Amino acid sequence: QVHLVESGGGLVQAGGSLRLSCAASERTFSTYAMGWFRQAPGKEREFVSAISWNGGRTYYADSVKGRFTISRDNAKNTVYLQMNRLKSEDTAVYYCAANQQGGRYGLEDSTGAYDYWGQGTQVTVSS
């Protein structure tokens, strides 16, 4: 069982930046692929970005490509999401998730592919 805790959310003006962090409880974190998803009110949870177990592969939704950057520090059991040039449509609860397959054969963008989830952190972008 992997316990994931997100932090770094908050209120920011459009055009601003935030960095989300997701800390994992297990040292086996370094073997998991990690993903970020988001869910806006009244909408389904959607994929944002993913990173392979060693950081060698990354994958982004088209809506955030060029603005968001995912990274990880396996020594700290932490994955990050740097969000720049934020837009009002980025407002959502952001969740991190862990995939036991590690991303060795490709990165997943479906919620069903992830085995563990955090509780989420709210990001609100004011226009």
# chains A, B, ... in the order shown; residues from 1 in each chain; ligands from 1
>>> residues_around(residues="segment 102-106 of chain A", least_positions_apart="4", cutoff="10 Å", atoms="only C-alpha atoms", output="PyMOL selection string")
chain A and resi 29-34+50-59+98
>>> residues_around(residues="Lys76 of chain A", least_positions_apart="2", cutoff="10 Å", atoms="only C-alpha atoms", output="NGL selection string")
:A and (23-25 or 27 or 29-30 or 72-74 or 78-79)
>>> write_last_selection(atoms="N, CA, C and O atoms", output="JSON list (two decimals), in the first residue's frame")
[["chain", "number", "residue", "atom", "x", "y", "z"],
["A", 23, "ALA", "N", 4.07, 13.51, -2.10],
["A", 23, "ALA", "CA", 5.01, 12.71, -1.34],
["A", 23, "ALA", "C", 4.44, 11.32, -1.10],
["A", 23, "ALA", "O", 3.26, 11.17, -0.73],
["A", 24, "ALA", "N", 5.28, 10.32, -1.29],
["A", 24, "ALA", "CA", 4.86, 8.93, -1.11],
["A", 24, "ALA", "C", 5.48, 8.34, 0.14],
["A", 24, "ALA", "O", 6.58, 8.72, 0.54],
["A", 25, "SER", "N", 4.76, 7.40, 0.72],
["A", 25, "SER", "CA", 5.18, 6.82, 2.00],
["A", 25, "SER", "C", 6.15, 5.68, 1.85],
["A", 25, "SER", "O", 6.79, 5.29, 2.82],
["A", 27, "ARG", "N", 9.33, 3.38, 0.03],
["A", 27, "ARG", "CA", 10.56, 3.46, -0.76],
["A", 27, "ARG", "C", 10.37, 2.83, -2.12],
["A", 27, "ARG", "O", 11.11, 3.12, -3.04],
["A", 29, "PHE", "N", 8.32, 3.59, -4.07],
["A", 29, "PHE", "CA", 7.92, 4.70, -4.94],
["A", 29, "PHE", "C", 8.79, 4.73, -6.19],
["A", 29, "PHE", "O", 8.31, 5.03, -7.28],
["A", 30, "SER", "N", 10.08, 4.46, -6.04],
["A", 30, "SER", "CA", 11.00, 4.59, -7.17],
["A", 30, "SER", "C", 10.73, 3.58, -8.28],
["A", 30, "SER", "O", 11.29, 3.71, -9.36],
["A", 72, "ARG", "N", 10.39, 14.16, -10.93],
["A", 72, "ARG", "CA", 10.38, 13.35, -9.71],
["A", 72, "ARG", "C", 11.76, 13.32, -9.10],
["A", 72, "ARG", "O", 12.77, 13.47, -9.80],
["A", 73, "ASP", "N", 11.77, 13.12, -7.79],
["A", 73, "ASP", "CA", 13.00, 12.95, -7.05],
["A", 73, "ASP", "C", 12.84, 11.66, -6.25],
["A", 73, "ASP", "O", 12.19, 11.67, -5.19],
["A", 74, "ASN", "N", 13.40, 10.58, -6.74],
["A", 74, "ASN", "CA", 13.20, 9.29, -6.07],
["A", 74, "ASN", "C", 13.89, 9.24, -4.72],
["A", 74, "ASN", "O", 13.48, 8.48, -3.85],
["A", 78, "THR", "N", 9.20, 11.79, -4.02],
["A", 78, "THR", "CA", 8.31, 12.89, -4.35],
["A", 78, "THR", "C", 8.23, 13.11, -5.85],
["A", 78, "THR", "O", 9.25, 13.02, -6.55],
["A", 79, "VAL", "N", 7.03, 13.40, -6.32],
["A", 79, "VAL", "CA", 6.82, 13.81, -7.70],
["A", 79, "VAL", "C", 6.26, 15.22, -7.69],
["A", 79, "VAL", "O", 5.53, 15.60, -6.78]]
>>> closest_residue(among="A:Thr69, A:Gln39, A:Ser49, A:Thr111", to="Ala92 of chain A", atoms="only C-alpha atoms")
A:Gln39
>>> atom_distance(atom1="atom CA of Gly9 of chain A", atom2="atom CA of Val123 of chain A")
4.9 Å
>>> atom_distance(atom1="atom CA of Cys22 of chain A", atom2="atom CA of Leu107 of chain A")
18.1 Å
>>> select_by_dssp(residues="segment 12-122 of chain A", states="strand (DSSP E)", output="PyMOL selection string")
chain A and resi 12-13+18-24+33-39+46-51+58-60+68-73+78-83+92-99+116-117+121-122
>>> write_last_selection(atoms="N, CA and C atoms", output="short mmCIF file (atom, residue, chain, number, x, y, z; two decimals), in the first residue's frame")
data_model
loop_
_atom_site.label_atom_id
_atom_site.label_comp_id
_atom_site.auth_asym_id
_atom_site.auth_seq_id
_atom_site.Cartn_x
_atom_site.Cartn_y
_atom_site.Cartn_z
N VAL A 12 -4.33 31.41 -7.37
CA VAL A 12 -3.34 32.15 -8.16
C VAL A 12 -4.06 32.88 -9.28
N GLN A 13 -3.50 34.00 -9.69
CA GLN A 13 -4.08 34.73 -10.81
C GLN A 13 -3.71 34.07 -12.13
N LEU A 18 2.28 27.71 -10.11
CA LEU A 18 2.24 26.93 -8.87
C LEU A 18 3.06 25.67 -9.09
N ARG A 19 3.60 25.15 -8.01
CA ARG A 19 4.26 23.85 -8.07
C ARG A 19 3.59 22.92 -7.07
N LEU A 20 3.05 21.85 -7.59
CA LEU A 20 2.44 20.82 -6.75
C LEU A 20 3.48 19.76 -6.42
N SER A 21 3.35 19.21 -5.23
CA SER A 21 4.20 18.11 -4.80
C SER A 21 3.33 16.95 -4.36
N CYS A 22 3.86 15.77 -4.52
CA CYS A 22 3.17 14.56 -4.06
C CYS A 22 4.21 13.68 -3.39
N ALA A 23 4.07 13.51 -2.10
CA ALA A 23 5.01 12.71 -1.34
C ALA A 23 4.44 11.32 -1.10
N ALA A 24 5.28 10.32 -1.29
CA ALA A 24 4.86 8.93 -1.11
C ALA A 24 5.48 8.34 0.14
N ALA A 33 5.45 4.24 -11.89
CA ALA A 33 5.15 5.41 -12.70
C ALA A 33 4.17 6.27 -11.90
N MET A 34 4.26 7.58 -12.08
CA MET A 34 3.39 8.50 -11.35
C MET A 34 2.62 9.37 -12.32
N GLY A 35 1.41 9.66 -11.94
CA GLY A 35 0.58 10.50 -12.79
C GLY A 35 -0.08 11.61 -12.00
N TRP A 36 -0.43 12.66 -12.71
CA TRP A 36 -1.25 13.74 -12.17
C TRP A 36 -2.55 13.78 -12.97
N PHE A 37 -3.64 13.88 -12.24
CA PHE A 37 -4.97 14.03 -12.83
C PHE A 37 -5.64 15.23 -12.17
N ARG A 38 -6.73 15.67 -12.77
CA ARG A 38 -7.47 16.77 -12.17
C ARG A 38 -8.96 16.57 -12.40
N GLN A 39 -9.74 17.17 -11.52
CA GLN A 39 -11.19 17.07 -11.64
C GLN A 39 -11.81 18.41 -11.28
N GLU A 46 -9.68 13.93 -15.22
CA GLU A 46 -8.96 13.85 -16.48
C GLU A 46 -7.46 13.80 -16.26
N PHE A 47 -6.79 13.17 -17.21
CA PHE A 47 -5.35 13.03 -17.18
C PHE A 47 -4.68 14.37 -17.43
N VAL A 48 -3.58 14.60 -16.70
CA VAL A 48 -2.78 15.80 -16.89
C VAL A 48 -1.38 15.44 -17.38
N SER A 49 -0.71 14.56 -16.63
CA SER A 49 0.67 14.23 -16.98
C SER A 49 1.09 12.96 -16.27
N ALA A 50 2.13 12.31 -16.81
CA ALA A 50 2.67 11.11 -16.18
C ALA A 50 4.17 11.06 -16.40
N ILE A 51 4.84 10.30 -15.53
CA ILE A 51 6.29 10.16 -15.61
C ILE A 51 6.65 8.73 -15.26
N THR A 58 8.12 11.08 -20.12
CA THR A 58 7.03 11.91 -19.63
C THR A 58 5.94 11.99 -20.69
N TYR A 59 4.78 12.36 -20.24
CA TYR A 59 3.61 12.36 -21.13
C TYR A 59 2.68 13.45 -20.61
N TYR A 60 2.12 14.24 -21.53
CA TYR A 60 1.27 15.36 -21.14
C TYR A 60 -0.02 15.37 -21.95
N PHE A 68 3.01 22.93 -18.38
CA PHE A 68 3.25 22.14 -17.18
C PHE A 68 4.46 21.24 -17.38
N THR A 69 5.18 20.98 -16.29
CA THR A 69 6.32 20.08 -16.32
C THR A 69 6.25 19.13 -15.14
N ILE A 70 6.32 17.85 -15.44
CA ILE A 70 6.34 16.84 -14.39
C ILE A 70 7.77 16.40 -14.15
N SER A 71 8.10 16.15 -12.89
CA SER A 71 9.43 15.67 -12.55
C SER A 71 9.33 14.84 -11.28
N ARG A 72 10.39 14.16 -10.93
CA ARG A 72 10.38 13.35 -9.71
C ARG A 72 11.76 13.32 -9.10
N ASP A 73 11.77 13.12 -7.79
CA ASP A 73 13.00 12.95 -7.05
C ASP A 73 12.84 11.66 -6.25
N THR A 78 9.20 11.79 -4.02
CA THR A 78 8.31 12.89 -4.35
C THR A 78 8.23 13.11 -5.85
N VAL A 79 7.03 13.40 -6.32
CA VAL A 79 6.82 13.81 -7.70
C VAL A 79 6.26 15.22 -7.69
N TYR A 80 6.63 15.98 -8.71
CA TYR A 80 6.25 17.39 -8.78
C TYR A 80 5.48 17.67 -10.06
N LEU A 81 4.68 18.73 -10.01
CA LEU A 81 4.06 19.25 -11.20
C LEU A 81 4.22 20.77 -11.17
N GLN A 82 5.11 21.27 -12.02
CA GLN A 82 5.31 22.70 -12.15
C GLN A 82 4.29 23.22 -13.17
N MET A 83 3.47 24.16 -12.74
CA MET A 83 2.40 24.67 -13.59
C MET A 83 2.65 26.15 -13.85
N ALA A 92 -9.19 23.19 -10.65
CA ALA A 92 -9.64 21.82 -10.38
C ALA A 92 -8.98 21.33 -9.10
N VAL A 93 -9.44 20.18 -8.65
CA VAL A 93 -8.70 19.44 -7.64
C VAL A 93 -7.70 18.56 -8.37
N TYR A 94 -6.45 18.64 -7.97
CA TYR A 94 -5.38 17.88 -8.61
C TYR A 94 -5.00 16.69 -7.74
N TYR A 95 -4.93 15.53 -8.38
CA TYR A 95 -4.62 14.29 -7.70
C TYR A 95 -3.35 13.67 -8.27
N CYS A 96 -2.52 13.12 -7.40
CA CYS A 96 -1.44 12.29 -7.92
C CYS A 96 -1.82 10.84 -7.74
N ALA A 97 -1.22 9.99 -8.56
CA ALA A 97 -1.54 8.58 -8.56
C ALA A 97 -0.31 7.78 -8.92
N ALA A 98 -0.28 6.54 -8.46
CA ALA A 98 0.86 5.66 -8.68
C ALA A 98 0.44 4.44 -9.48
N ASN A 99 1.27 4.09 -10.45
CA ASN A 99 1.04 2.93 -11.31
C ASN A 99 2.16 1.93 -11.09
N TYR A 116 -2.91 3.53 -6.85
CA TYR A 116 -3.01 4.29 -5.59
C TYR A 116 -3.23 5.76 -5.92
N TRP A 117 -4.00 6.41 -5.04
CA TRP A 117 -4.37 7.81 -5.26
C TRP A 117 -4.20 8.62 -3.98
N THR A 121 -5.42 18.16 -4.07
CA THR A 121 -5.15 19.52 -3.61
C THR A 121 -5.83 20.48 -4.57
N GLN A 122 -6.48 21.49 -4.02
CA GLN A 122 -7.27 22.41 -4.83
C GLN A 122 -6.38 23.46 -5.48
#
>>> atom_distance(atom1="atom CA of Glu44 of chain A", atom2="atom CA of Ala113 of chain A")
15.6 Å
>>> closest_residue(among="A:Thr124, A:Ser88, A:Gln119, A:Gln100", to="Ala14 of chain A", atoms="only C-alpha atoms")
A:Ser88
>>> closest_residue(among="A:Ala40, A:Gln101, A:Gly120, A:Ser127", to="Ser7 of chain A", atoms="only C-alpha atoms")
A:Gly120
